[in-house]
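Participant: File name data-v2.pdb; file contents PDB, C-alpha atoms and all ligand atoms; full text below.
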MODEL        1
ATOM      1  CA  MET A   1      27.794  21.566   2.273  1.00  0.00           C
ATOM      2  CA  GLY A   2      25.521  23.471  -0.035  1.00  0.00           C
ATOM      3  CA  VAL A   3      21.907  22.716  -0.820  1.00  0.00           C
ATOM      4  CA  GLN A   4      22.700  21.339  -4.278  1.00  0.00           C
ATOM      5  CA  GLU A   5      25.245  18.863  -2.931  1.00  0.00           C
ATOM      6  CA  ASN A   6      22.905  17.836  -0.150  1.00  0.00           C
ATOM      7  CA  LEU A   7      20.131  17.292  -2.640  1.00  0.00           C
ATOM      8  CA  GLN A   8      22.430  15.110  -4.697  1.00  0.00           C
ATOM      9  CA  THR A   9      23.327  13.086  -1.599  1.00  0.00           C
ATOM     10  CA  VAL A  10      19.648  12.563  -0.778  1.00  0.00           C
ATOM     11  CA  LYS A  11      18.947  11.405  -4.324  1.00  0.00           C
ATOM     12  CA  GLU A  12      21.826   8.957  -4.032  1.00  0.00           C
ATOM     13  CA  ARG A  13      20.387   7.645  -0.763  1.00  0.00           C
ATOM     14  CA  ILE A  14      17.045   7.162  -2.499  1.00  0.00           C
ATOM     15  CA  ASP A  15      18.641   5.394  -5.486  1.00  0.00           C
ATOM     16  CA  LYS A  16      20.661   3.118  -3.264  1.00  0.00           C
ATOM     17  CA  ALA A  17      17.718   2.195  -1.054  1.00  0.00           C
ATOM     18  CA  CYS A  18      15.540   1.531  -4.102  1.00  0.00           C
ATOM     19  CA  LYS A  19      18.158  -0.693  -5.702  1.00  0.00           C
ATOM     20  CA  ALA A  20      18.602  -2.651  -2.480  1.00  0.00           C
ATOM     21  CA  CYS A  21      14.933  -3.651  -2.475  1.00  0.00           C
ATOM     22  CA  GLY A  22      14.344  -3.925  -6.204  1.00  0.00           C
ATOM     23  CA  ARG A  23      12.347  -0.745  -6.642  1.00  0.00           C
ATOM     24  CA  SER A  24      12.836   2.041  -9.167  1.00  0.00           C
ATOM     25  CA  SER A  25      13.606   5.529  -7.862  1.00  0.00           C
ATOM     26  CA  ASP A  26      11.074   6.792 -10.429  1.00  0.00           C
ATOM     27  CA  GLU A  27       8.433   5.539  -8.003  1.00  0.00           C
ATOM     28  CA  ILE A  28       9.554   7.999  -5.351  1.00  0.00           C
ATOM     29  CA  THR A  29       8.568  11.663  -5.276  1.00  0.00           C
ATOM     30  CA  LEU A  30      10.976  13.755  -3.243  1.00  0.00           C
ATOM     31  CA  VAL A  31       9.395  16.645  -1.370  1.00  0.00           C
ATOM     32  CA  ALA A  32      12.007  19.126  -0.117  1.00  0.00           C
ATOM     33  CA  VAL A  33      10.763  20.429   3.217  1.00  0.00           C
ATOM     34  CA  SER A  34      12.013  24.011   3.356  1.00  0.00           C
ATOM     35  CA  LYS A  35      10.279  25.210   6.534  1.00  0.00           C
ATOM     36  CA  THR A  36      12.244  27.873   8.458  1.00  0.00           C
ATOM     37  CA  LYS A  37      14.754  28.105   5.586  1.00  0.00           C
ATOM     38  CA  PRO A  38      15.341  31.213   3.457  1.00  0.00           C
ATOM     39  CA  ASN A  39      14.216  31.721  -0.117  1.00  0.00           C
ATOM     40  CA  GLU A  40      17.796  31.507  -1.408  1.00  0.00           C
ATOM     41  CA  ASP A  41      17.938  27.872  -0.296  1.00  0.00           C
ATOM     42  CA  ILE A  42      14.695  27.109  -2.102  1.00  0.00           C
ATOM     43  CA  LEU A  43      15.928  28.820  -5.259  1.00  0.00           C
ATOM     44  CA  GLU A  44      19.134  26.832  -5.075  1.00  0.00           C
ATOM     45  CA  ALA A  45      17.235  23.547  -4.878  1.00  0.00           C
ATOM     46  CA  LEU A  46      14.918  24.711  -7.659  1.00  0.00           C
ATOM     47  CA  ALA A  47      17.930  25.474  -9.856  1.00  0.00           C
ATOM     48  CA  ALA A  48      19.104  21.906  -9.263  1.00  0.00           C
ATOM     49  CA  GLY A  49      15.823  20.614 -10.644  1.00  0.00           C
ATOM     50  CA  GLN A  50      13.848  20.103  -7.453  1.00  0.00           C
ATOM     51  CA  VAL A  51      10.109  20.570  -8.103  1.00  0.00           C
ATOM     52  CA  HIS A  52       8.192  19.721  -4.916  1.00  0.00           C
ATOM     53  CA  PHE A  53       8.580  21.862  -1.798  1.00  0.00           C
ATOM     54  CA  GLY A  54       6.833  21.437   1.531  1.00  0.00           C
ATOM     55  CA  GLU A  55       6.069  23.904   4.293  1.00  0.00           C
ATOM     56  CA  ASN A  56       4.173  23.450   7.531  1.00  0.00           C
ATOM     57  CA  ARG A  57       3.331  26.985   8.611  1.00  0.00           C
ATOM     58  CA  ALA A  58       0.600  28.739   6.669  1.00  0.00           C
ATOM     59  CA  LYS A  59       1.949  32.262   7.020  1.00  0.00           C
ATOM     60  CA  GLU A  60       5.495  31.281   6.115  1.00  0.00           C
ATOM     61  CA  LEU A  61       4.273  29.357   3.090  1.00  0.00           C
ATOM     62  CA  GLN A  62       2.144  32.313   2.039  1.00  0.00           C
ATOM     63  CA  ASP A  63       5.145  34.662   2.169  1.00  0.00           C
ATOM     64  CA  LYS A  64       7.378  32.272   0.272  1.00  0.00           C
ATOM     65  CA  MET A  65       4.819  31.630  -2.458  1.00  0.00           C
ATOM     66  CA  GLU A  66       4.425  35.350  -2.963  1.00  0.00           C
ATOM     67  CA  GLN A  67       8.161  35.977  -3.051  1.00  0.00           C
ATOM     68  CA  ILE A  68       9.066  33.022  -5.248  1.00  0.00           C
ATOM     69  CA  GLU A  69       6.923  33.354  -8.344  1.00  0.00           C
ATOM     70  CA  LYS A  70       8.021  30.362 -10.369  1.00  0.00           C
ATOM     71  CA  GLU A  71       6.008  28.225 -12.732  1.00  0.00           C
ATOM     72  CA  ASN A  72       8.019  25.078 -12.198  1.00  0.00           C
ATOM     73  CA  ILE A  73       7.445  24.693  -8.490  1.00  0.00           C
ATOM     74  CA  GLN A  74       4.820  22.624  -6.682  1.00  0.00           C
ATOM     75  CA  TRP A  75       3.991  23.646  -3.136  1.00  0.00           C
ATOM     76  CA  HIS A  76       2.859  21.168  -0.515  1.00  0.00           C
ATOM     77  CA  PHE A  77       1.233  22.297   2.688  1.00  0.00           C
ATOM     78  CA  LEU A  78       1.995  19.714   5.353  1.00  0.00           C
ATOM     79  CA  GLY A  79       1.093  21.429   8.577  1.00  0.00           C
ATOM     80  CA  ASN A  80      -1.898  21.685  10.798  1.00  0.00           C
ATOM     81  CA  LEU A  81      -4.691  22.914   8.535  1.00  0.00           C
ATOM     82  CA  GLN A  82      -6.851  25.595  10.094  1.00  0.00           C
ATOM     83  CA  THR A  83     -10.187  26.216   8.422  1.00  0.00           C
ATOM     84  CA  ASN A  84      -9.545  29.928   8.015  1.00  0.00           C
ATOM     85  CA  LYS A  85      -6.402  29.179   5.993  1.00  0.00           C
ATOM     86  CA  ILE A  86      -8.058  26.840   3.533  1.00  0.00           C
ATOM     87  CA  LYS A  87      -9.260  29.558   1.163  1.00  0.00           C
ATOM     88  CA  TYR A  88      -5.740  30.862   0.668  1.00  0.00           C
ATOM     89  CA  MET A  89      -4.181  27.407   0.393  1.00  0.00           C
ATOM     90  CA  VAL A  90      -6.652  26.358  -2.250  1.00  0.00           C
ATOM     91  CA  GLU A  91      -5.799  29.416  -4.324  1.00  0.00           C
ATOM     92  CA  ARG A  92      -2.093  28.734  -4.287  1.00  0.00           C
ATOM     93  CA  VAL A  93      -0.782  25.329  -3.255  1.00  0.00           C
ATOM     94  CA  ASP A  94      -0.745  22.177  -5.353  1.00  0.00           C
ATOM     95  CA  TRP A  95      -0.942  19.671  -2.527  1.00  0.00           C
ATOM     96  CA  ILE A  96      -2.459  19.680   0.931  1.00  0.00           C
ATOM     97  CA  VAL A  97      -1.041  16.618   2.653  1.00  0.00           C
ATOM     98  CA  SER A  98      -2.446  16.902   6.128  1.00  0.00           C
ATOM     99  CA  VAL A  99      -6.202  16.555   5.723  1.00  0.00           C
ATOM    100  CA  HIS A 100      -7.978  14.307   8.174  1.00  0.00           C
ATOM    101  CA  LYS A 101     -11.573  15.480   8.397  1.00  0.00           C
ATOM    102  CA  LYS A 102     -14.554  15.495   6.057  1.00  0.00           C
ATOM    103  CA  LYS A 103     -15.185  19.046   7.161  1.00  0.00           C
ATOM    104  CA  ALA A 104     -11.800  20.151   5.773  1.00  0.00           C
ATOM    105  CA  LEU A 105     -12.465  18.296   2.514  1.00  0.00           C
ATOM    106  CA  LYS A 106     -15.812  20.041   2.254  1.00  0.00           C
ATOM    107  CA  GLU A 107     -14.234  23.451   2.738  1.00  0.00           C
ATOM    108  CA  ILE A 108     -11.427  22.687   0.251  1.00  0.00           C
ATOM    109  CA  GLU A 109     -14.003  21.571  -2.319  1.00  0.00           C
ATOM    110  CA  LYS A 110     -16.171  24.648  -1.787  1.00  0.00           C
ATOM    111  CA  ARG A 111     -13.228  27.028  -2.217  1.00  0.00           C
ATOM    112  CA  ALA A 112     -11.716  25.097  -5.132  1.00  0.00           C
ATOM    113  CA  SER A 113     -14.993  24.928  -7.044  1.00  0.00           C
ATOM    114  CA  ARG A 114     -15.473  28.682  -6.705  1.00  0.00           C
ATOM    115  CA  ILE A 115     -12.215  29.391  -8.487  1.00  0.00           C
ATOM    116  CA  ASP A 116     -12.328  26.330 -10.727  1.00  0.00           C
ATOM    117  CA  ARG A 117      -8.978  25.055  -9.471  1.00  0.00           C
ATOM    118  CA  HIS A 118      -8.055  21.423  -8.841  1.00  0.00           C
ATOM    119  CA  ILE A 119      -6.128  20.452  -5.758  1.00  0.00           C
ATOM    120  CA  ASN A 120      -4.298  17.313  -4.628  1.00  0.00           C
ATOM    121  CA  VAL A 121      -4.853  16.034  -1.146  1.00  0.00           C
ATOM    122  CA  LEU A 122      -3.399  13.299   1.035  1.00  0.00           C
ATOM    123  CA  ILE A 123      -5.322  12.041   4.027  1.00  0.00           C
ATOM    124  CA  GLN A 124      -3.184  12.030   7.146  1.00  0.00           C
ATOM    125  CA  VAL A 125      -3.620   8.941   9.281  1.00  0.00           C
ATOM    126  CA  ASN A 126      -2.443   8.609  12.845  1.00  0.00           C
ATOM    127  CA  ILE A 127       0.042   5.760  13.010  1.00  0.00           C
ATOM    128  CA  SER A 128       2.122   6.765  16.004  1.00  0.00           C
ATOM    129  CA  GLU A 129       1.740   5.857  19.641  1.00  0.00           C
ATOM    130  CA  GLU A 130       2.370   9.400  20.793  1.00  0.00           C
ATOM    131  CA  ASP A 131      -0.210  11.310  22.792  1.00  0.00           C
ATOM    132  CA  GLN A 132       0.017  14.304  20.555  1.00  0.00           C
ATOM    133  CA  LYS A 133      -1.784  12.665  17.695  1.00  0.00           C
ATOM    134  CA  SER A 134      -2.281  14.037  14.259  1.00  0.00           C
ATOM    135  CA  GLY A 135      -4.385  12.499  11.561  1.00  0.00           C
ATOM    136  CA  CYS A 136      -7.558  10.462  11.468  1.00  0.00           C
ATOM    137  CA  GLU A 137      -7.781   7.093  13.139  1.00  0.00           C
ATOM    138  CA  PRO A 138      -7.385   4.135  10.763  1.00  0.00           C
ATOM    139  CA  GLU A 139     -11.076   3.221  11.044  1.00  0.00           C
ATOM    140  CA  GLU A 140     -12.092   6.733   9.995  1.00  0.00           C
ATOM    141  CA  LEU A 141     -10.292   6.425   6.685  1.00  0.00           C
ATOM    142  CA  GLU A 142     -13.007   4.535   4.846  1.00  0.00           C
ATOM    143  CA  PRO A 143     -15.849   7.005   5.540  1.00  0.00           C
ATOM    144  CA  ILE A 144     -13.558   9.913   4.646  1.00  0.00           C
ATOM    145  CA  LEU A 145     -12.625   8.279   1.342  1.00  0.00           C
ATOM    146  CA  LYS A 146     -16.242   7.477   0.611  1.00  0.00           C
ATOM    147  CA  TYR A 147     -17.090  11.128   1.054  1.00  0.00           C
ATOM    148  CA  ALA A 148     -14.122  12.175  -1.091  1.00  0.00           C
ATOM    149  CA  GLN A 149     -15.149   9.966  -4.023  1.00  0.00           C
ATOM    150  CA  GLU A 150     -17.957  12.387  -4.852  1.00  0.00           C
ATOM    151  CA  LEU A 151     -15.805  15.517  -4.948  1.00  0.00           C
ATOM    152  CA  LYS A 152     -14.962  17.230  -8.221  1.00  0.00           C
ATOM    153  CA  PHE A 153     -12.062  19.581  -7.545  1.00  0.00           C
ATOM    154  CA  THR A 154     -10.432  17.857  -4.599  1.00  0.00           C
ATOM    155  CA  HIS A 155      -8.424  14.798  -5.561  1.00  0.00           C
ATOM    156  CA  VAL A 156      -7.360  12.369  -2.866  1.00  0.00           C
ATOM    157  CA  ARG A 157      -4.101  10.950  -4.176  1.00  0.00           C
ATOM    158  CA  GLY A 158      -3.105   8.867  -1.181  1.00  0.00           C
ATOM    159  CA  ILE A 159      -2.420   8.819   2.513  1.00  0.00           C
ATOM    160  CA  MET A 160       0.299  10.254   4.723  1.00  0.00           C
ATOM    161  CA  GLY A 161       1.629   9.424   8.146  1.00  0.00           C
ATOM    162  CA  MET A 162       4.185  10.552  10.684  1.00  0.00           C
ATOM    163  CA  ALA A 163       6.013   7.889  12.637  1.00  0.00           C
ATOM    164  CA  THR A 164       6.732   8.189  16.334  1.00  0.00           C
ATOM    165  CA  PHE A 165       9.589  10.600  16.981  1.00  0.00           C
ATOM    166  CA  THR A 166      12.253   8.090  17.992  1.00  0.00           C
ATOM    167  CA  ASP A 167      15.670   6.797  16.982  1.00  0.00           C
ATOM    168  CA  ASP A 168      14.360   3.247  17.210  1.00  0.00           C
ATOM    169  CA  LEU A 169      13.926   2.342  13.555  1.00  0.00           C
ATOM    170  CA  ASP A 170      12.114  -0.890  14.443  1.00  0.00           C
ATOM    171  CA  VAL A 171       9.288   1.141  15.920  1.00  0.00           C
ATOM    172  CA  VAL A 172       9.269   3.382  12.855  1.00  0.00           C
ATOM    173  CA  ARG A 173       9.256   0.383  10.511  1.00  0.00           C
ATOM    174  CA  LYS A 174       6.287  -1.148  12.284  1.00  0.00           C
ATOM    175  CA  GLU A 175       4.327   2.069  11.876  1.00  0.00           C
ATOM    176  CA  PHE A 176       5.276   2.396   8.204  1.00  0.00           C
ATOM    177  CA  LYS A 177       4.056  -1.158   7.646  1.00  0.00           C
ATOM    178  CA  VAL A 178       0.732  -0.196   9.194  1.00  0.00           C
ATOM    179  CA  LEU A 179       0.395   2.829   6.879  1.00  0.00           C
ATOM    180  CA  LYS A 180       1.295   0.880   3.748  1.00  0.00           C
ATOM    181  CA  LYS A 181      -1.155  -1.872   4.659  1.00  0.00           C
ATOM    182  CA  LEU A 182      -3.877   0.712   5.276  1.00  0.00           C
ATOM    183  CA  ARG A 183      -3.344   2.056   1.786  1.00  0.00           C
ATOM    184  CA  ASP A 184      -3.415  -1.423   0.266  1.00  0.00           C
ATOM    185  CA  ASP A 185      -6.517  -2.368   2.254  1.00  0.00           C
ATOM    186  CA  HIS A 186      -8.350   0.697   0.946  1.00  0.00           C
ATOM    187  CA  LEU A 187      -7.514   0.366  -2.735  1.00  0.00           C
ATOM    188  CA  HIS A 188     -11.070  -0.822  -3.321  1.00  0.00           C
ATOM    189  CA  MET A 189     -12.124   2.737  -2.474  1.00  0.00           C
ATOM    190  CA  ASN A 190     -10.459   4.042  -5.633  1.00  0.00           C
ATOM    191  CA  GLY A 191     -13.044   5.711  -7.817  1.00  0.00           C
ATOM    192  CA  GLY A 192     -14.378   9.182  -8.488  1.00  0.00           C
ATOM    193  CA  SER A 193     -11.981  11.662  -6.942  1.00  0.00           C
ATOM    194  CA  VAL A 194     -10.089   9.033  -4.965  1.00  0.00           C
ATOM    195  CA  ASN A 195      -6.977   7.352  -6.323  1.00  0.00           C
ATOM    196  CA  LEU A 196      -4.715   6.009  -3.604  1.00  0.00           C
ATOM    197  CA  GLU A 197      -1.496   5.991  -5.594  1.00  0.00           C
ATOM    198  CA  HIS A 198       0.617   7.575  -2.853  1.00  0.00           C
ATOM    199  CA  VAL A 199       1.831   6.507   0.550  1.00  0.00           C
ATOM    200  CA  SER A 200       3.734   9.477   1.974  1.00  0.00           C
ATOM    201  CA  MET A 201       6.140   8.434   4.696  1.00  0.00           C
ATOM    202  CA  GLY A 202       9.831   8.818   5.400  1.00  0.00           C
ATOM    203  CA  MET A 203      11.913  11.819   6.397  1.00  0.00           C
ATOM    204  CA  THR A 204      15.626  12.530   6.808  1.00  0.00           C
ATOM    205  CA  ASN A 205      16.340   9.831   9.381  1.00  0.00           C
ATOM    206  CA  ASP A 206      14.159   7.040   8.096  1.00  0.00           C
ATOM    207  CA  LEU A 207      13.846   7.421   4.350  1.00  0.00           C
ATOM    208  CA  GLU A 208      15.594   4.102   3.674  1.00  0.00           C
ATOM    209  CA  VAL A 209      13.192   2.269   5.969  1.00  0.00           C
ATOM    210  CA  ALA A 210      10.281   4.038   4.289  1.00  0.00           C
ATOM    211  CA  ILE A 211      11.485   2.981   0.847  1.00  0.00           C
ATOM    212  CA  GLU A 212      11.810  -0.633   1.986  1.00  0.00           C
ATOM    213  CA  GLU A 213       8.284  -0.446   3.351  1.00  0.00           C
ATOM    214  CA  GLY A 214       6.761   0.966   0.169  1.00  0.00           C
ATOM    215  CA  THR A 215       6.709   4.744   0.370  1.00  0.00           C
ATOM    216  CA  THR A 216       6.043   6.679  -2.831  1.00  0.00           C
ATOM    217  CA  MET A 217       6.688  10.132  -1.411  1.00  0.00           C
ATOM    218  CA  VAL A 218       9.423  11.092   1.025  1.00  0.00           C
ATOM    219  CA  ARG A 219       9.444  14.457   2.797  1.00  0.00           C
ATOM    220  CA  VAL A 220      13.007  15.490   3.502  1.00  0.00           C
ATOM    221  CA  GLY A 221      14.075  18.676   5.263  1.00  0.00           C
ATOM    222  CA  THR A 222      17.253  18.450   7.339  1.00  0.00           C
ATOM    223  CA  ALA A 223      19.266  16.335   4.902  1.00  0.00           C
ATOM    224  CA  ILE A 224      18.709  18.930   2.173  1.00  0.00           C
ATOM    225  CA  PHE A 225      18.653  22.252   4.000  1.00  0.00           C
ATOM    226  CA  GLY A 226      20.578  21.491   7.193  1.00  0.00           C
ATOM    227  CA  GLU A 227      19.496  21.554  10.824  1.00  0.00           C
ATOM    228  CA  ARG A 228      16.689  23.866  11.793  1.00  0.00           C
ATOM    229  CA  ASN A 229      17.135  26.338  14.606  1.00  0.00           C
ATOM    230  CA  TYR A 230      13.502  26.275  15.629  1.00  0.00           C
TER     231      TYR A 230
HETATM  232  C1  LIG B   1       9.604  18.954   9.090  1.00  0.00           C
HETATM  233  C2  LIG B   1       8.816  17.909   8.430  1.00  0.00           C
HETATM  234  C3  LIG B   1       9.448  16.944   7.617  1.00  0.00           C
HETATM  235  C4  LIG B   1      10.947  16.895   7.388  1.00  0.00           C
HETATM  236  O1  LIG B   1      11.653  16.450   8.505  1.00  0.00           O
HETATM  237  P1  LIG B   1      13.246  16.187   8.455  1.00  0.00           P
HETATM  238  O2  LIG B   1      13.469  15.263   9.591  1.00  0.00           O
HETATM  239  O3  LIG B   1      13.900  17.505   8.626  1.00  0.00           O
HETATM  240  O4  LIG B   1      13.578  15.562   7.154  1.00  0.00           O
HETATM  241  C5  LIG B   1       8.649  16.001   7.008  1.00  0.00           C
HETATM  242  N1  LIG B   1       7.311  15.989   7.155  1.00  0.00           N
HETATM  243  C6  LIG B   1       6.663  16.889   7.915  1.00  0.00           C
HETATM  244  C7  LIG B   1       5.184  16.815   8.029  1.00  0.00           C
HETATM  245  C8  LIG B   1       7.395  17.869   8.579  1.00  0.00           C
HETATM  246  O5  LIG B   1       6.741  18.759   9.336  1.00  0.00           O
ENDMDL
END
Could I get this structure in the form of structure tokens?
Facilitator:
Amino acid sequence: MGVQENLQTVKERIDKACKACGRSSDEITLVAVSKTKPNEDILEALAAGQVHFGENRAKELQDKMEQIEKENIQWHFLGNLQTNKIKYMVERVDWIVSVHKKKALKEIEKRASRIDRHINVLIQVNISEEDQKSGCEPEELEPILKYAQELKFTHVRGIMGMATFTDDLDVVRKEFKVLKKLRDDHLHMNGGSVNLEHVSMGMTNDLEVAIEEGTTMVRVGTAIFGERNY
């Protein structure tokens, strides 16, 4: 199946899941995760109206942004954010969805203010039981948000989490519940540059569960672009 058909199928999955729990699919932003996939696939999705694209490797994202010069595309960086890559990201991407340290926020703000460019950020929170953790711990969220309130160019638009890598959807659901509750419990931190409108969770295998548990942003790769070879 081609990218456009796959995209259509994913949208139907989203619609169906939303209907089943009384939500509107307008509440859900679909990020097409195009990592490892060629530019032609991205252009095909773009032609079908897809706006948000996510990549997790800085160099690959850099190359793609340079090769695909389109106005109507929003790039999300969702990988491990190294400090030396922040300058470039801030110049080009629209969203950085894997921030979990004040230090990174500080660097993003410094770079963004220098070029007078505004950037959207999600704070990644660790919700999985795995050893290889990514994201801040839940109790670190409040001080990070407090710091972020004072920023001018860096806008914290929500939080993001990765569930444990497992086929057991009950485990995944439990972790999604934790993330959604964390967002709700921190809504009092809205103010200044913080507005926790987004909970980013849900990927190819668990997007229905994520929708039931309140996601506002799903990040889907495989279901749109096919299996990845690496
Ligand atoms: C790869 C990736 C995805 C997409 O995963 P699929 O299972 O292919 O849908 C989502 N989020 C992040 C952070 C990723 O790295």
Participant: Could you give me, as a Markdown table, every chain A residue with an atom at most 10 Å from ligand LIG 1 (chain B), plus its closest atom pair and distance in Å to one decimal, counting only C-alpha atoms and all ligand atoms, rows ordered by chain then number?
Facilitator:
| residue | atom | partner | partner_atom | distance |
| --- | --- | --- | --- | --- |
| A:Val31 | CA | B:LIG1 | C5 | 8.4 |
| A:Ala32 | CA | B:LIG1 | C4 | 7.9 |
| A:Val33 | CA | B:LIG1 | C4 | 5.5 |
| A:Ser34 | CA | B:LIG1 | C1 | 8.0 |
| A:Lys35 | CA | B:LIG1 | C1 | 6.8 |
| A:Thr36 | CA | B:LIG1 | C1 | 9.3 |
| A:Gly54 | CA | B:LIG1 | C6 | 7.8 |
| A:Glu55 | CA | B:LIG1 | O5 | 7.2 |
| A:Asn56 | CA | B:LIG1 | O5 | 5.6 |
| A:Arg57 | CA | B:LIG1 | O5 | 8.9 |
| A:His76 | CA | B:LIG1 | C7 | 9.9 |
| A:Phe77 | CA | B:LIG1 | C7 | 8.6 |
| A:Leu78 | CA | B:LIG1 | C7 | 5.1 |
| A:Gly79 | CA | B:LIG1 | C7 | 6.2 |
| A:Asn80 | CA | B:LIG1 | C7 | 9.0 |
| A:Val97 | CA | B:LIG1 | C7 | 8.2 |
| A:Ser98 | CA | B:LIG1 | C7 | 7.9 |
| A:Gln124 | CA | B:LIG1 | C7 | 9.7 |
| A:Met160 | CA | B:LIG1 | C7 | 8.8 |
| A:Gly161 | CA | B:LIG1 | C7 | 8.2 |
| A:Met162 | CA | B:LIG1 | C7 | 6.9 |
| A:Ala163 | CA | B:LIG1 | N1 | 9.9 |
| A:Phe165 | CA | B:LIG1 | O2 | 9.6 |
| A:Ser200 | CA | B:LIG1 | N1 | 9.1 |
| A:Met201 | CA | B:LIG1 | N1 | 8.0 |
| A:Gly202 | CA | B:LIG1 | C5 | 7.5 |
| A:Met203 | CA | B:LIG1 | O4 | 4.2 |
| A:Thr204 | CA | B:LIG1 | O4 | 3.7 |
| A:Asn205 | CA | B:LIG1 | O2 | 6.1 |
| A:Asp206 | CA | B:LIG1 | O2 | 8.4 |
| A:Leu207 | CA | B:LIG1 | O4 | 8.6 |
| A:Val218 | CA | B:LIG1 | C5 | 7.8 |
| A:Arg219 | CA | B:LIG1 | C5 | 4.6 |
| A:Val220 | CA | B:LIG1 | O4 | 3.7 |
| A:Gly221 | CA | B:LIG1 | O3 | 3.6 |
| A:Thr222 | CA | B:LIG1 | O3 | 3.7 |
| A:Ala223 | CA | B:LIG1 | O4 | 6.2 |
| A:Ile224 | CA | B:LIG1 | O4 | 7.9 |
| A:Phe225 | CA | B:LIG1 | O3 | 8.2 |
| A:Gly226 | CA | B:LIG1 | O3 | 7.9 |
| A:Glu227 | CA | B:LIG1 | O3 | 7.2 |
| A:Arg228 | CA | B:LIG1 | O3 | 7.6 |
Participant: Translate the PyMOL selection byres (((chain A and resi 113) around 12) and not hetatm) into a concrete residue list for this structure, as an MDAnalysis selection string.
Facilitator: chainID A and resid 87 90:91 105:112 114:119 151:154
Participant: Output the selection as a CSV table (one decimal), in the frame of the given file - C-alpha atoms for each residue.
Facilitator:
chain,number,residue,atom,x,y,z
A,87,LYS,CA,-9.3,29.6,1.2
A,90,VAL,CA,-6.7,26.4,-2.2
A,91,GLU,CA,-5.8,29.4,-4.3
A,105,LEU,CA,-12.5,18.3,2.5
A,106,LYS,CA,-15.8,20.0,2.3
A,107,GLU,CA,-14.2,23.5,2.7
A,108,ILE,CA,-11.4,22.7,0.3
A,109,GLU,CA,-14.0,21.6,-2.3
A,110,LYS,CA,-16.2,24.6,-1.8
A,111,ARG,CA,-13.2,27.0,-2.2
A,112,ALA,CA,-11.7,25.1,-5.1
A,114,ARG,CA,-15.5,28.7,-6.7
A,115,ILE,CA,-12.2,29.4,-8.5
A,116,ASP,CA,-12.3,26.3,-10.7
A,117,ARG,CA,-9.0,25.1,-9.5
A,118,HIS,CA,-8.1,21.4,-8.8
A,119,ILE,CA,-6.1,20.5,-5.8
A,151,LEU,CA,-15.8,15.5,-4.9
A,152,LYS,CA,-15.0,17.2,-8.2
A,153,PHE,CA,-12.1,19.6,-7.5
A,154,THR,CA,-10.4,17.9,-4.6
Participant: Any chance you could resolve the PyMOL selection byres (((chain A and resi 192) around 12) and not hetatm) against this file and give the residues as a list in words?
Facilitator: Leu145, Lys146, Tyr147, Ala148, Gln149, Glu150, Leu151, Lys152, Phe153, Thr154, His155, Val156, Arg157, His188, Met189, Asn190, Gly191, Ser193, Val194, Asn195 and Leu196 of chain A
Participant: Compare A:Asp184, A:Glu213, A:Glu5, A:Glu71 by their minimum atom-to-atom distance to A:Asp170, counting only C-alpha atoms, and give me the closest one.
Facilitator: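 Among the listed residues, the smallest separation from A:Asp170 belongs to A:Glu213.
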Participant: Do a neighbour search on stretch 19-23 of chain A at 12 Å with all atoms listed in the file, toss out local chain neighbours closer than 4 positions, and write the hits as a PyMOL selection string.
Facilitator: chain A and resi 12-15+27-28+208-216
Participant: Can you turn the PyMOL selection byres (((chain A and resi 83-85) around 8) and not hetatm) into a concrete residue list for this file, as a list in words?
Facilitator: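 Given this file, the PyMOL selection byres (((chain A and resi 83-85) around 8) and not hetatm) evaluates to Ala58, Leu81, Gln82, Ile86, Lys87, Tyr88, Met89, Ala104 and Glu107 of chain A.
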Participant: Just want the 7 Å neighbourhood of A:Val51, counted on all atoms listed in the file, with same-chain residues fewer than 5 positions away dropped. Output as a VMD selection string.
Facilitator: chain A and resid 46 72 to 74
